[in-house]
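A short worksheet on the structure shown next.
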Amino acid sequence: MKIVSQIKEPINREMDLFETKFRDSMVSKVALLNRITYYIVNRKGKQMRPMFVFLAAKLLNNGEVNERTYRGASVIELIHTATLVHDDVVDESDKRRGFFSINALWKNKIAVLVGDYLLSKGLLLSIDNGDFDLLGIISVAVREMSEGELLQIEKARRLDITEEVYYDIIRQKTATLIAACCSLGACSVKPDSQDVETFRKFGELCGMAFQIKDDLFDYGEEKIGKPTGIDIKEQKMTLPLIYVLNNCSKKEKNWLINSVKNHNKNKKRVKEVIAFVKEVGGLEYAVAKMLQFKDEALSLLHQYPKSDYRDSLELMVNYVVERKK
């Protein structure tokens, strides 16, 4: 059985019902919008985020979920989809998961407006149902994601990023959304409990491991939909590179910075950078850090009694660090 199907098994019924509720949550009176949202829904990914919501809720609530859980999952997916649509505009990307992006098919102006529409739909879903605690969790995530992206842009220009700043960036940019999924699931069934914070932390640690794994793909041989060296070409400072910059001679450091700043379109030079990062131990260091985040996440999970839901979350954490794309 494929790992994702295995993770989903204890929440199959909820995920099927979620599909319908999620589709309904997007409906508009504007035909163009419905055409675009139909396109989005039919090209969905693995849906890891709603899976986190349902697994956290079921683990804490004897295998039961409620309408708030479904709304939490819909809101997070609406917000996540909105950020992806906007990201494709910012990155001038014409593909998303192998399909044309919204901006490629309908142009930037429409893509930005569709992103705004999905964002407002998500917020209104919470407001209309009085889920103000869930809305608080979502709003913090949206703020942090925006700050994380802007922090990364600000730091990328200078290439003087420390490991601590890098963790701040990925915590806000990536981990905060997974943290929100897990705390939403907990909050939907156990509002005002310590579990909400425990699961937020659990999700954050998973998200940190997830992003470091993404960084490692830049140095890998696998075909994962983004070419090797793309982060270097885009001057993104990732953990393997940061480690090497802090652990090489001044001459090597100058060569590295010059390569990333001025020769990032030169394929031969990018290959040399990748080889140097591997040689100095940048990959081993990043892998060790990723596994540290994974182990911390698992130790939080193990505070709870064993169940199908805990097993699935454990599988999910391991999948995050072992996935091939």
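In the structure tokens, the first chain shown is A, the next is B, and so on; residue numbers restart at 1 for each chain, and ligands run from 1 in the order shown.
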Could you please write out, as a compact mmCIF listing (two decimals) with C-alpha atoms, in the first residue's frame, every residue of stretch 21-189 of chain A that DSSP assigns to alpha helix (DSSP H)?
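Result saved to out.txt:
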```
# COMPACT_ATOMS: atom_id res chain seq x y z
CA LYS A 21 -17.47 20.43 1.81
CA PHE A 22 -14.29 22.01 0.43
CA ARG A 23 -15.75 22.22 -3.09
CA ASP A 24 -18.93 23.80 -1.68
CA SER A 25 -16.91 26.35 0.31
CA ALA A 31 -19.04 31.86 -13.60
CA LEU A 32 -15.38 32.68 -14.28
CA LEU A 33 -14.51 32.12 -10.61
CA ASN A 34 -16.33 28.78 -10.56
CA ARG A 35 -14.45 27.69 -13.67
CA ILE A 36 -11.12 28.53 -12.04
CA THR A 37 -11.94 26.96 -8.66
CA TYR A 38 -13.16 23.80 -10.46
CA TYR A 39 -9.75 23.69 -12.17
CA ILE A 40 -8.01 24.10 -8.80
CA VAL A 41 -10.03 21.39 -7.03
CA MET A 48 -1.39 16.66 3.66
CA ARG A 49 -2.76 19.71 5.48
CA PRO A 50 -6.36 18.51 5.95
CA MET A 51 -4.94 15.10 6.87
CA PHE A 52 -3.04 16.70 9.77
CA VAL A 53 -6.28 18.44 10.89
CA PHE A 54 -8.37 15.25 10.94
CA LEU A 55 -5.69 13.02 12.48
CA ALA A 56 -5.02 15.48 15.32
CA ALA A 57 -8.75 15.84 16.02
CA LYS A 58 -9.44 12.10 15.98
CA LEU A 59 -6.42 11.31 18.15
CA LEU A 60 -7.65 13.71 20.84
CA GLU A 67 -18.38 20.22 11.97
CA ARG A 68 -15.72 22.56 13.35
CA THR A 69 -13.06 20.06 12.31
CA TYR A 70 -14.38 20.09 8.72
CA ARG A 71 -14.49 23.88 8.72
CA GLY A 72 -10.94 24.05 10.10
CA ALA A 73 -9.72 21.72 7.35
CA SER A 74 -11.57 23.74 4.66
CA VAL A 75 -10.25 27.05 5.94
CA ILE A 76 -6.64 25.88 5.99
CA GLU A 77 -6.95 24.44 2.49
CA LEU A 78 -8.56 27.65 1.17
CA ILE A 79 -5.78 29.76 2.73
CA HIS A 80 -3.07 27.37 1.51
CA THR A 81 -4.50 27.39 -2.04
CA ALA A 82 -4.68 31.20 -1.98
CA THR A 83 -1.00 31.42 -1.02
CA LEU A 84 0.00 28.98 -3.80
CA VAL A 85 -1.92 31.00 -6.42
CA HIS A 86 -0.21 34.18 -5.20
CA ASP A 87 3.21 32.46 -5.00
CA ASP A 88 2.99 31.45 -8.66
CA VAL A 89 2.41 35.10 -9.59
CA VAL A 90 5.33 36.28 -7.42
CA ILE A 102 -3.67 29.91 -12.71
CA ASN A 103 -1.57 32.89 -13.84
CA ALA A 104 -0.36 30.96 -16.91
CA LEU A 105 -3.94 30.21 -18.00
CA TRP A 106 -5.78 33.34 -16.84
CA LYS A 107 -3.03 35.97 -16.41
CA ASN A 108 -1.65 37.63 -13.25
CA LYS A 109 -4.48 40.06 -12.58
CA ILE A 110 -7.09 37.29 -12.39
CA ALA A 111 -4.75 35.02 -10.37
CA VAL A 112 -4.21 37.72 -7.71
CA LEU A 113 -7.97 38.34 -7.47
CA VAL A 114 -8.70 34.59 -7.22
CA GLY A 115 -6.14 34.33 -4.40
CA ASP A 116 -7.84 37.22 -2.60
CA TYR A 117 -11.24 35.59 -3.11
CA LEU A 118 -10.08 32.26 -1.62
CA LEU A 119 -8.51 34.07 1.34
CA SER A 120 -11.73 35.98 2.07
CA LYS A 121 -13.81 32.79 1.67
CA GLY A 122 -11.64 31.11 4.28
CA LEU A 123 -11.94 33.96 6.75
CA LEU A 124 -15.72 34.25 6.24
CA LEU A 125 -16.21 30.52 6.76
CA SER A 126 -14.84 30.98 10.29
CA ILE A 127 -16.65 34.27 10.99
CA ASP A 128 -20.06 33.07 9.74
CA PHE A 132 -13.21 32.90 16.35
CA ASP A 133 -10.64 30.68 18.07
CA LEU A 134 -9.96 28.91 14.76
CA LEU A 135 -9.83 32.26 12.98
CA GLY A 136 -7.15 33.43 15.43
CA ILE A 137 -4.97 30.41 14.59
CA ILE A 138 -5.38 30.98 10.83
CA SER A 139 -4.73 34.73 10.99
CA VAL A 140 -1.46 34.24 12.87
CA ALA A 141 -0.38 31.72 10.20
CA VAL A 142 -1.16 34.13 7.34
CA ARG A 143 0.77 36.95 9.05
CA GLU A 144 3.78 34.74 9.74
CA MET A 145 3.89 33.31 6.22
CA SER A 146 3.96 36.82 4.73
CA GLU A 147 6.67 37.92 7.19
CA GLY A 148 8.73 34.80 6.46
CA GLU A 149 8.65 35.37 2.70
CA LEU A 150 9.62 39.03 3.11
CA LEU A 151 12.39 38.18 5.59
CA GLN A 152 13.79 35.70 3.06
CA ILE A 153 13.72 38.31 0.27
CA GLU A 154 15.42 40.87 2.52
CA LYS A 155 18.17 38.46 3.59
CA ALA A 156 18.74 36.88 0.16
CA GLU A 163 21.55 29.57 10.87
CA GLU A 164 19.24 31.20 13.44
CA VAL A 165 17.76 33.60 10.86
CA TYR A 166 17.33 30.67 8.46
CA TYR A 167 15.29 28.81 11.12
CA ASP A 168 13.20 31.95 11.67
CA ILE A 169 12.49 32.13 7.93
CA ILE A 170 11.45 28.50 7.53
CA THR A 176 3.66 27.86 10.60
CA LEU A 177 1.04 26.46 8.20
CA ILE A 178 1.56 22.85 9.32
CA ALA A 179 1.56 24.07 12.94
CA ALA A 180 -1.79 25.77 12.23
CA CYS A 181 -3.24 22.53 10.77
CA CYS A 182 -2.36 20.53 13.86
CA SER A 183 -3.52 23.17 16.35
CA LEU A 184 -6.76 23.67 14.34
CA GLY A 185 -7.48 19.94 14.57
CA ALA A 186 -6.85 20.01 18.32
CA CYS A 187 -8.80 23.25 18.86
CA SER A 188 -11.82 21.99 16.89
CA VAL A 189 -12.44 19.23 19.46
```
Option closest in space to A:Lys267, from A:Ile230, A:Val280, A:Leu315, A:Val65 [counting only C-alpha atoms]: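 Looking only at the distances to A:Lys267, the closest residue turns out to be A:Ile230.
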Test item, strand (DSSP E or B) assignment across stretch 14-141 of chain A, answer as a list in words: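 The residues of stretch 14-141 of chain A classed as strand (DSSP E or B) are Lys95, Arg96, Phe99 and Phe100 of chain A.
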Within 12 Å of stretch 252-262 of chain A using only C-alpha atoms, minus same-chain residues under 2 positions, as a PyMOL selection string: chain A and resi 156-161+229-238+241-250+264-277+280
Quick one: residues within 7 Å of A:Gly207, only C-alpha atoms, excluding same-chain residues fewer than 4 positions away - as number ranges by chain? A: 174-175, 178, 203, 211
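Pairwise distance (atom CA of A:Thr198, atom CA of A:Leu300) equals 7.2 Å.
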Mind pulling up the distance from atom CA of A:Phe210 to atom CA of A:Glu64?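 It comes out at 27.7 Å.
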Smallest atom-to-atom distance to A:Pro240: which of A:His263, A:Lys213, A:Arg323, A:Arg13, using only C-alpha atoms?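 Closest to A:Pro240, using only C-alpha atoms: A:Lys213.
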Atom CA of A:Glu197 and atom CA of A:Leu298, how far apart in Å? 15.2 Å
